[in-house]
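Colleague: Submitted below is the structure of interest, expressed as structure tokens.
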Amino acid sequence: MLTTRSAYLFLLPSLALYLLFVGLPILQVFGFSFFAWDNGIAGEFIGLANYSRLLSDAVFWTALWHNGIWVVLTLAFPLLAGLVIAAILADRNANVVRWLGAVYFIPRTIPLVVAGIIWGWIYNPIFGLLNFGLEAVGLGGLGGAWLAQESTALLSLNVVGAWTFFGFCVIIYLAAIQSIDPALYEAASIDGASWWRKFRDLTVPLLRGSTLFLGLYAAIEAMRFFDLVWVTTQGGPGYATEVLTTHIYKTFFLVGDFGYAATLSVVLLIIVLAISAGAFTLLRKP
Amino acid sequence: MTLSTQRHMPLLLAAGIAASVCIQPAAAQTVVTQWDQFAMAGITAAGPAMDELITTCAPDLNGATVLRTIAPSIGIRDSYRLAVSANKTPDLAYTWPAASVLAGYARVGALAPLDDYYEQYGWEGINGFYRGRNGFQGALYGVPMEQDLMGVYYNPALFKENGIAVPTTYAEFQAAVEAFKAKGITPIAFGNRDRWPATNTLSLLLGLTAGKDVEETVLFGDTPWANDQFKLAAETFQSWAENGYFPKGFNGIGYDEANALFLSGRAAMTITGTWVLQDMARGASFDLGVFMLPPIADGVAPGTMWGEGSQWQVSANASQDVKDAAAAYINCLISPASREVWVEKGYLVPIGTTPQELEQWDALPIVKSFYTQGLATPDTNFYDLHTTVPESVTQVLYAELQRMVGGDATADEFLSAMDVAWQKAIDNGERWVP
């Protein structure tokens, strides 16, 4: 007979593996952060010196700000657009829903490195499709060096991020909408509610769980994304697209200051855990 | 395919890969593991020469064998640093950047001193200047090989079509640029998305505005970066960007894309180094030309940025047998006979090669021209920032240069940022002085 104790015993191997491959490395990184490092070699114990360095590291604060912007933009556009499109699609023919859902989801299946390369070409100042298209429709004056200017680089990259995330939001919202009891909509229709009224007062509140899930997912992704930035701008021009992960990468791999890179990683971990804790608390509320 | 073959496919593949990089059977007693950046295309594409020389030098190894791994030129910089941190450096490596970064590895004890081998083999071709760049606290840790030079590649056909002569003064250079602009031709193909190319351009401009002596007072002395000569270099770079010397959006254009722009005949010039001679020579559909950028400031002598860029280095962890075999192998690789192979098969000119030797060997005209001009000013040639400042400063330099050249920071702001990073590096004991 299966007892609670035996259930825990069954969990033990996976827990051991988790501790070995996740818990232990995290502890190791935490330990690294208390030492000075030179070219990847540990030096003397320096206590919290790496943590106090954070206060005067302008690149860290810039990167954190960019991560914050990315969270807000990602929450704002893909989620909102995904919700509206899913609500519109939900009323359509099932075949159309399936087909369009698949089309919207395609960008999600593309690795971010590949998406970065594709969009790098689209934005390219010499042969980019975007500038070419703008010129073709007589809007050449709006063209620019999208990833090469501080004023447009982060926003241009966020468009790529939104492009890859948007379809995922549509699919999640579609599934959630289809699980709502149709009787609720029928009752609202009998009462004379418009499409907008039903969307606002029925769909949106009933999708709270999905919205929280997508928000949490988007926020965590926004804090830890790296590949898209690295293949397109490497954090540049200047620090215009610098995010925490690129700052960590450069500090670790290019400068060899493992201690400070570990400190930045610990801070990133704390932020992601805080977001997760907040979101899970919200998700638990009825 | 049989089931048995399928089952063993991973093993067969692994064996195939191993065989492709092993030069001798694995049964040999002493194996020298080698990492190098000599690929078949791209930067430092001297792969054919390396392949030939491993075979040629095999008899010098006294029975030892070489197990070679090719790492991409840009990537080997990061791979080697990780290997140092893991205490798993290859026995022998040919990596970049040189000098300041090499000194960093020597500082943490990752490299074997090579003084005894210098004495044993009499590597006299490596003069005091290069020994200084490969030394740390009185000991030698690297054997430089590849002579890097920077110059202006140009398209002679475009110059001729537009009636523009090769400039011999900075004023003529500016006039040539303006003439190309007026014809709607991009004057200089330049792309800085990869962040590092602007550092080379600045290195060149610093030498032509400040000169070698002033550079030394900053890089090895107490003069701040924020000085008049360095400011002129920064302002010159920024003015080039503002005045349309480069293609629009250059901070979003890759180094390879910029080279392609030049090689396709859509730009008149590109300013880069000998490390890409292989690709330039192979890719140009026109007769390639090169000239040295003339001095910019009054009173500064002609010269160009030079250095070794990369060097052979031996792991401190290697056994004595392996170190001895590696040194014998290096001795063969830099011998006069091997230098000819590097030049003819790799378009790579080893340090110590004379213009007379180049003339005799079967080198491409562009190779001869580049090195003849670049080596004509040995006393006034100047420093490459990549190999002179520590990596912590390089990372600031990359970002701040993008900002300044992109018009998002002034020359003063750029130099102030550099002084802050420079002082931090000095305080941390990272500065390298030859």
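By order of appearance in the structure tokens: chains A, B, ..., then residues from 1 within every chain, and ligands from 1 in the order shown.
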I need the contact residues of chain B against chain A, so if you could list those with any atom within 6 Å, counting only C-alpha atoms, and return them as a list in words, that would help.

Modeller: Asp78, Ser85, Gly249, Asn251, Gly252, Glu391, Ser392, Ala399, Glu400, Gln402 and Arg403 of chain B

Colleague: Now that the selection is made, can you save its residues with N, CA and C atoms as a PDB file, in the first residue's frame?

Modeller:
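The resulting file, result-v5.pdb, is shown below:
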ATOM      1  N   ASP B  78      37.489  33.608 -25.171  1.00  0.00           N
ATOM      2  CA  ASP B  78      36.630  33.235 -24.041  1.00  0.00           C
ATOM      3  C   ASP B  78      36.898  31.798 -23.604  1.00  0.00           C
ATOM      4  N   SER B  85      40.354  29.173 -15.755  1.00  0.00           N
ATOM      5  CA  SER B  85      39.617  29.127 -14.491  1.00  0.00           C
ATOM      6  C   SER B  85      39.394  27.695 -14.027  1.00  0.00           C
ATOM      7  N   GLY B 249      24.260  54.024 -39.955  1.00  0.00           N
ATOM      8  CA  GLY B 249      23.938  52.921 -39.047  1.00  0.00           C
ATOM      9  C   GLY B 249      25.092  51.973 -38.812  1.00  0.00           C
ATOM     10  N   ASN B 251      26.907  51.351 -36.380  1.00  0.00           N
ATOM     11  CA  ASN B 251      26.890  50.590 -35.123  1.00  0.00           C
ATOM     12  C   ASN B 251      25.979  49.376 -35.203  1.00  0.00           C
ATOM     13  N   GLY B 252      25.209  49.282 -36.281  1.00  0.00           N
ATOM     14  CA  GLY B 252      24.345  48.120 -36.477  1.00  0.00           C
ATOM     15  C   GLY B 252      24.826  47.231 -37.607  1.00  0.00           C
ATOM     16  N   GLU B 391      41.426  43.550 -19.931  1.00  0.00           N
ATOM     17  CA  GLU B 391      40.075  43.258 -20.429  1.00  0.00           C
ATOM     18  C   GLU B 391      38.999  44.106 -19.754  1.00  0.00           C
ATOM     19  N   SER B 392      39.179  44.441 -18.480  1.00  0.00           N
ATOM     20  CA  SER B 392      38.156  45.241 -17.789  1.00  0.00           C
ATOM     21  C   SER B 392      38.044  46.611 -18.459  1.00  0.00           C
ATOM     22  N   ALA B 399      31.997  49.818 -25.183  1.00  0.00           N
ATOM     23  CA  ALA B 399      30.693  50.476 -25.035  1.00  0.00           C
ATOM     24  C   ALA B 399      30.810  51.994 -25.193  1.00  0.00           C
ATOM     25  N   GLU B 400      31.818  52.565 -24.573  1.00  0.00           N
ATOM     26  CA  GLU B 400      31.948  54.027 -24.617  1.00  0.00           C
ATOM     27  C   GLU B 400      32.287  54.508 -26.025  1.00  0.00           C
ATOM     28  N   GLN B 402      31.300  53.021 -28.817  1.00  0.00           N
ATOM     29  CA  GLN B 402      30.042  52.961 -29.579  1.00  0.00           C
ATOM     30  C   GLN B 402      29.208  54.211 -29.304  1.00  0.00           C
ATOM     31  N   ARG B 403      29.173  54.615 -28.042  1.00  0.00           N
ATOM     32  CA  ARG B 403      28.387  55.795 -27.677  1.00  0.00           C
ATOM     33  C   ARG B 403      28.975  57.053 -28.324  1.00  0.00           C
TER      34      ARG B 403
END

Colleague: List the neighbours of Lys212 of chain B out to 10 Å using only C-alpha atoms; skip same-chain residues closer than 6 positions along the sequence, and give me the result as an NGL selection string.

Modeller: :B and (206 or 300-301 or 303-305 or 379-383)

Colleague: Tell me, in Å to one decimal, how far atom CA of Pro182 of chain A is from atom CA of Gly82 of chain A.

Modeller: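 It comes out at 20.5 Å.
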
Colleague: What's around segment 119-131 of chain B at 12 Å? Count only C-alpha atoms, leave out sequence neighbours fewer than 6 positions away in its own chain, and write the answer as a PyMOL selection string.

Modeller: chain B and resi 98-99+113+137-147+306-311+324+327-336+339+350-354+378-379+381-383+433-434

Colleague: Output the selection as a short mmCIF file (atom, residue, chain, number, x, y, z; two decimals), in the first residue's frame - N, CA and C atoms for each residue.

Modeller:
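Written out: selection-v6.cif:
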data_model
loop_
_atom_site.label_atom_id
_atom_site.label_comp_id
_atom_site.auth_asym_id
_atom_site.auth_seq_id
_atom_site.Cartn_x
_atom_site.Cartn_y
_atom_site.Cartn_z
N ALA B 98 46.96 39.61 -27.07
CA ALA B 98 48.32 39.40 -26.58
C ALA B 98 48.63 40.32 -25.41
N ALA B 99 49.90 40.39 -25.09
CA ALA B 99 50.49 41.33 -24.14
C ALA B 99 49.72 41.48 -22.83
N PRO B 113 56.94 29.74 -17.81
CA PRO B 113 57.96 30.67 -18.32
C PRO B 113 58.77 29.99 -19.42
N GLN B 137 56.87 40.55 -15.31
CA GLN B 137 57.77 40.55 -14.15
C GLN B 137 59.09 39.85 -14.46
N GLY B 138 59.66 40.21 -15.61
CA GLY B 138 61.01 39.75 -15.94
C GLY B 138 61.11 38.41 -16.62
N ALA B 139 60.01 37.67 -16.74
CA ALA B 139 60.07 36.36 -17.40
C ALA B 139 59.26 36.41 -18.70
N LEU B 140 59.63 35.53 -19.63
CA LEU B 140 58.93 35.48 -20.92
C LEU B 140 57.89 34.37 -20.91
N TYR B 141 56.69 34.67 -21.35
CA TYR B 141 55.59 33.70 -21.29
C TYR B 141 54.95 33.40 -22.65
N GLY B 142 55.39 34.08 -23.69
CA GLY B 142 54.76 33.85 -24.99
C GLY B 142 55.78 33.94 -26.11
N VAL B 143 55.47 33.26 -27.19
CA VAL B 143 56.29 33.37 -28.40
C VAL B 143 55.39 33.97 -29.49
N PRO B 144 55.58 35.27 -29.75
CA PRO B 144 54.73 35.91 -30.75
C PRO B 144 55.08 35.39 -32.14
N MET B 145 54.10 35.36 -33.00
CA MET B 145 54.41 34.88 -34.34
C MET B 145 53.85 35.79 -35.42
N GLU B 146 52.57 36.08 -35.32
CA GLU B 146 51.90 36.75 -36.43
C GLU B 146 52.08 38.27 -36.31
N GLN B 147 52.64 38.86 -37.32
CA GLN B 147 52.85 40.32 -37.32
C GLN B 147 51.56 41.00 -37.78
N TRP B 306 50.65 48.43 -34.84
CA TRP B 306 51.17 47.09 -35.05
C TRP B 306 51.24 46.33 -33.73
N GLY B 307 51.57 45.11 -33.85
CA GLY B 307 51.66 44.25 -32.67
C GLY B 307 51.61 42.82 -33.15
N GLU B 308 51.59 41.90 -32.19
CA GLU B 308 51.54 40.50 -32.60
C GLU B 308 50.13 39.94 -32.50
N GLY B 309 49.25 40.62 -31.78
CA GLY B 309 47.87 40.15 -31.71
C GLY B 309 47.69 38.86 -30.93
N SER B 310 48.42 37.84 -31.32
CA SER B 310 48.31 36.53 -30.67
C SER B 310 49.70 35.97 -30.46
N GLN B 311 49.79 34.92 -29.70
CA GLN B 311 51.10 34.31 -29.44
C GLN B 311 50.94 32.86 -29.01
N ASP B 324 58.88 20.46 -23.27
CA ASP B 324 60.03 20.36 -24.17
C ASP B 324 59.58 20.12 -25.61
N ALA B 327 58.05 23.27 -27.03
CA ALA B 327 59.07 24.28 -27.38
C ALA B 327 59.77 23.91 -28.69
N ALA B 328 60.06 22.61 -28.86
CA ALA B 328 60.70 22.16 -30.10
C ALA B 328 59.77 22.41 -31.30
N TYR B 329 58.51 22.18 -31.05
CA TYR B 329 57.49 22.38 -32.09
C TYR B 329 57.38 23.87 -32.45
N ILE B 330 57.35 24.73 -31.42
CA ILE B 330 57.30 26.18 -31.68
C ILE B 330 58.53 26.60 -32.47
N ASN B 331 59.67 26.05 -32.08
CA ASN B 331 60.92 26.40 -32.77
C ASN B 331 60.81 26.09 -34.26
N CYS B 332 60.16 24.97 -34.56
CA CYS B 332 59.97 24.62 -35.97
C CYS B 332 58.99 25.58 -36.63
N LEU B 333 57.91 25.90 -35.91
CA LEU B 333 56.86 26.74 -36.50
C LEU B 333 57.35 28.15 -36.85
N ILE B 334 58.36 28.62 -36.12
CA ILE B 334 58.82 29.99 -36.40
C ILE B 334 60.16 30.00 -37.15
N SER B 335 60.56 28.83 -37.63
CA SER B 335 61.82 28.76 -38.38
C SER B 335 61.66 29.48 -39.73
N PRO B 336 62.78 29.87 -40.36
CA PRO B 336 62.68 30.56 -41.65
C PRO B 336 61.90 29.75 -42.70
N ARG B 339 58.29 30.01 -41.87
CA ARG B 339 57.76 31.36 -42.12
C ARG B 339 57.31 31.51 -43.56
N PRO B 350 54.97 36.10 -40.37
CA PRO B 350 55.51 35.98 -39.01
C PRO B 350 56.47 37.13 -38.67
N ILE B 351 56.53 37.42 -37.39
CA ILE B 351 57.44 38.46 -36.91
C ILE B 351 58.87 38.08 -37.29
N GLY B 352 59.62 39.06 -37.72
CA GLY B 352 61.01 38.81 -38.10
C GLY B 352 61.18 38.65 -39.59
N THR B 353 60.08 38.53 -40.31
CA THR B 353 60.17 38.40 -41.77
C THR B 353 60.57 39.75 -42.36
N THR B 354 61.50 39.73 -43.27
CA THR B 354 61.97 41.00 -43.86
C THR B 354 61.27 41.25 -45.20
N PRO B 378 59.37 51.11 -38.39
CA PRO B 378 59.40 50.34 -37.13
C PRO B 378 59.56 51.21 -35.88
N ASP B 379 60.24 52.32 -36.02
CA ASP B 379 60.50 53.14 -34.82
C ASP B 379 59.30 53.99 -34.41
N ASN B 381 55.94 53.06 -35.33
CA ASN B 381 54.69 52.31 -35.25
C ASN B 381 54.22 52.27 -33.80
N PHE B 382 52.91 52.18 -33.62
CA PHE B 382 52.38 52.39 -32.27
C PHE B 382 51.48 51.25 -31.81
N TYR B 383 50.82 51.50 -30.68
CA TYR B 383 50.19 50.40 -29.93
C TYR B 383 48.76 50.07 -30.36
N VAL B 433 52.57 46.66 -18.04
CA VAL B 433 53.65 47.54 -18.51
C VAL B 433 54.76 46.63 -19.05
N PRO B 434 55.21 46.86 -20.27
CA PRO B 434 56.21 45.94 -20.85
C PRO B 434 57.54 45.99 -20.08
#

Colleague: As a short mmCIF file (atom, residue, chain, number, x, y, z; two decimals) with C-alpha atoms, in the first residue's frame, list the residues of segment 271-312 of chain B assigned to helix (DSSP H, G or I) by DSSP on the backbone atoms of this structure.

Modeller:
data_model
loop_
_atom_site.label_atom_id
_atom_site.label_comp_id
_atom_site.auth_asym_id
_atom_site.auth_seq_id
_atom_site.Cartn_x
_atom_site.Cartn_y
_atom_site.Cartn_z
CA THR B 274 46.40 42.15 -41.84
CA TRP B 275 44.44 39.59 -39.81
CA VAL B 276 41.81 39.62 -42.53
CA LEU B 277 44.19 39.58 -45.51
CA GLN B 278 43.20 36.01 -46.34
CA ASP B 279 39.52 36.87 -46.74
CA MET B 280 40.26 40.15 -48.49
CA ALA B 281 42.57 38.54 -51.03
CA ARG B 282 40.15 35.70 -51.70
CA GLY B 283 37.01 37.85 -51.74
#

Colleague: Quick one: distance from atom CA of Gln229 of chain B to atom CA of Leu375 of chain B in Å, one decimal?

Modeller: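 We find that atom CA of Gln229 of chain B and atom CA of Leu375 of chain B lie 24.3 Å from each other.
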
Colleague: Have a look at atom CA of Val177 of chain B and atom CA of Asp228 of chain B and let me know their distance in Å, one decimal.

Modeller: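 Pair atom CA of Val177 of chain B / atom CA of Asp228 of chain B returns 25.1 Å.
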
Colleague: If we count only C-alpha atoms, what is near segment 100-115 of chain A at a cut-off of 12 Å, once residues fewer than 6 positions away on the same chain are taken out, given as a PDB file with C-alpha atoms, in the first residue's frame?

Modeller:
ATOM      1  CA  PRO A  78       1.751  40.697 -26.249  1.00  0.00           C
ATOM      2  CA  ALA A  81      -3.019  41.874 -28.042  1.00  0.00           C
ATOM      3  CA  GLY A  82      -3.118  38.151 -27.281  1.00  0.00           C
ATOM      4  CA  ILE A  85      -7.269  38.387 -30.567  1.00  0.00           C
ATOM      5  CA  ALA A  86      -8.096  35.259 -28.579  1.00  0.00           C
ATOM      6  CA  ILE A  88     -12.194  37.588 -31.267  1.00  0.00           C
ATOM      7  CA  LEU A  89     -11.037  34.178 -32.488  1.00  0.00           C
ATOM      8  CA  ALA A  90     -13.062  32.315 -29.888  1.00  0.00           C
ATOM      9  CA  ARG A  92     -15.087  31.937 -35.077  1.00  0.00           C
ATOM     10  CA  ASN A  93     -15.278  28.655 -36.899  1.00  0.00           C
ATOM     11  CA  ALA A  94     -13.224  25.926 -35.190  1.00  0.00           C
ATOM     12  CA  TRP A 121      18.597  41.197 -41.125  1.00  0.00           C
ATOM     13  CA  ILE A 122      15.203  42.911 -41.124  1.00  0.00           C
ATOM     14  CA  TYR A 123      16.632  45.845 -39.154  1.00  0.00           C
ATOM     15  CA  LEU A 157      14.473  44.434 -29.735  1.00  0.00           C
ATOM     16  CA  ASN A 158      11.319  44.364 -27.641  1.00  0.00           C
ATOM     17  CA  VAL A 159       9.285  44.145 -30.835  1.00  0.00           C
ATOM     18  CA  VAL A 160      11.171  40.931 -31.592  1.00  0.00           C
ATOM     19  CA  GLY A 161      10.502  39.667 -28.078  1.00  0.00           C
ATOM     20  CA  ALA A 162       6.810  40.509 -28.454  1.00  0.00           C
ATOM     21  CA  TRP A 163       6.727  38.789 -31.839  1.00  0.00           C
ATOM     22  CA  THR A 164       7.991  35.551 -30.330  1.00  0.00           C
ATOM     23  CA  PHE A 165       5.708  35.726 -27.245  1.00  0.00           C
ATOM     24  CA  PHE A 166       2.475  36.989 -28.736  1.00  0.00           C
ATOM     25  CA  GLY A 167       1.342  33.682 -30.265  1.00  0.00           C
ATOM     26  CA  PHE A 168       1.891  31.875 -26.977  1.00  0.00           C
ATOM     27  CA  CYS A 169      -0.469  34.352 -25.276  1.00  0.00           C
ATOM     28  CA  VAL A 170      -3.114  33.794 -27.970  1.00  0.00           C
ATOM     29  CA  ILE A 171      -2.998  30.020 -27.525  1.00  0.00           C
ATOM     30  CA  ILE A 172      -3.167  30.151 -23.711  1.00  0.00           C
ATOM     31  CA  TYR A 173      -6.027  32.664 -23.750  1.00  0.00           C
ATOM     32  CA  LEU A 174      -7.886  30.714 -26.434  1.00  0.00           C
ATOM     33  CA  ALA A 175      -7.722  27.535 -24.377  1.00  0.00           C
ATOM     34  CA  GLU A 221      11.439  35.557 -19.158  1.00  0.00           C
ATOM     35  CA  PHE A 225      16.522  36.599 -21.568  1.00  0.00           C
ATOM     36  CA  PHE A 226      19.965  36.828 -23.114  1.00  0.00           C
ATOM     37  CA  ASP A 227      20.298  35.170 -26.516  1.00  0.00           C
ATOM     38  CA  LEU A 228      18.219  37.685 -28.450  1.00  0.00           C
ATOM     39  CA  VAL A 229      20.266  40.623 -27.189  1.00  0.00           C
ATOM     40  CA  TRP A 230      23.586  38.899 -27.584  1.00  0.00           C
ATOM     41  CA  VAL A 231      23.154  37.911 -31.221  1.00  0.00           C
ATOM     42  CA  THR A 232      21.757  41.286 -32.247  1.00  0.00           C
ATOM     43  CA  THR A 233      23.496  44.030 -30.262  1.00  0.00           C
TER      44      THR A 233
END

Colleague: Within 7 Å of Ala71 of chain B, counting only C-alpha atoms, which residues qualify if same-chain residues fewer than 3 places away don't, as a ChimeraX atom specification?

Modeller: /B:35-37,75-76

Colleague: Which residues come within 12 Å of Thr211 of chain A, counting only C-alpha atoms, excluding same-chain residues fewer than 5 positions away, as a PyMOL selection string?

Modeller: chain A and resi 75-76+78-80+82-83+169-170+172-174+176-177+203-206+216-219+279+282-283

Colleague: Limited to C-alpha atoms, could you put the picked residues into a file as a CSV table (one decimal), in the first residue's frame?

Modeller:
chain,number,residue,atom,x,y,z
A,75,LEU,CA,3.3,42.6,-20.2
A,76,ALA,CA,1.6,45.5,-22.1
A,78,PRO,CA,1.8,40.7,-26.2
A,79,LEU,CA,-0.6,40.0,-23.4
A,80,LEU,CA,-3.1,42.7,-24.3
A,82,GLY,CA,-3.1,38.2,-27.3
A,83,LEU,CA,-6.2,38.6,-25.1
A,169,CYS,CA,-0.5,34.4,-25.3
A,170,VAL,CA,-3.1,33.8,-28.0
A,172,ILE,CA,-3.2,30.2,-23.7
A,173,TYR,CA,-6.0,32.7,-23.8
A,174,LEU,CA,-7.9,30.7,-26.4
A,176,ALA,CA,-8.9,29.4,-21.3
A,177,ILE,CA,-11.8,31.1,-23.1
A,203,THR,CA,-14.0,37.2,-20.4
A,204,VAL,CA,-11.4,39.4,-18.7
A,205,PRO,CA,-12.4,38.5,-15.1
A,206,LEU,CA,-12.7,34.8,-15.8
A,216,LEU,CA,4.5,35.7,-14.3
A,217,TYR,CA,6.0,33.8,-17.2
A,218,ALA,CA,6.6,37.0,-19.2
A,219,ALA,CA,8.2,38.8,-16.2
A,279,ALA,CA,2.8,35.9,-8.6
A,282,LEU,CA,-1.7,36.2,-6.4
A,283,LEU,CA,-2.5,33.0,-8.2

Colleague: For each of B:Phe370, B:Phe159, B:Tyr255, B:Tyr118, take the minimum atom-to-atom distance to Phe291 of chain B, counting only C-alpha atoms, then give the residue where this is smallest.

Modeller: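 For Phe291 of chain B, the nearest of the candidates is B:Phe370.
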
Colleague: Considering only strand (DSSP E) as DSSP defines it on the backbone, what residues of segment 179-398 of chain B qualify? List them as a ChimeraX atom specification.

Modeller: /B:186-188,267-273,289-291,306-307,311-314

Colleague: So that I can see what lies close to Phe286 of chain B, please list as an NGL selection string the residues with an atom at most 8 Å from it, counting only C-alpha atoms and leaving out residues fewer than 2 positions away in the same chain.

Modeller: :B and (155-157 or 284 or 288)
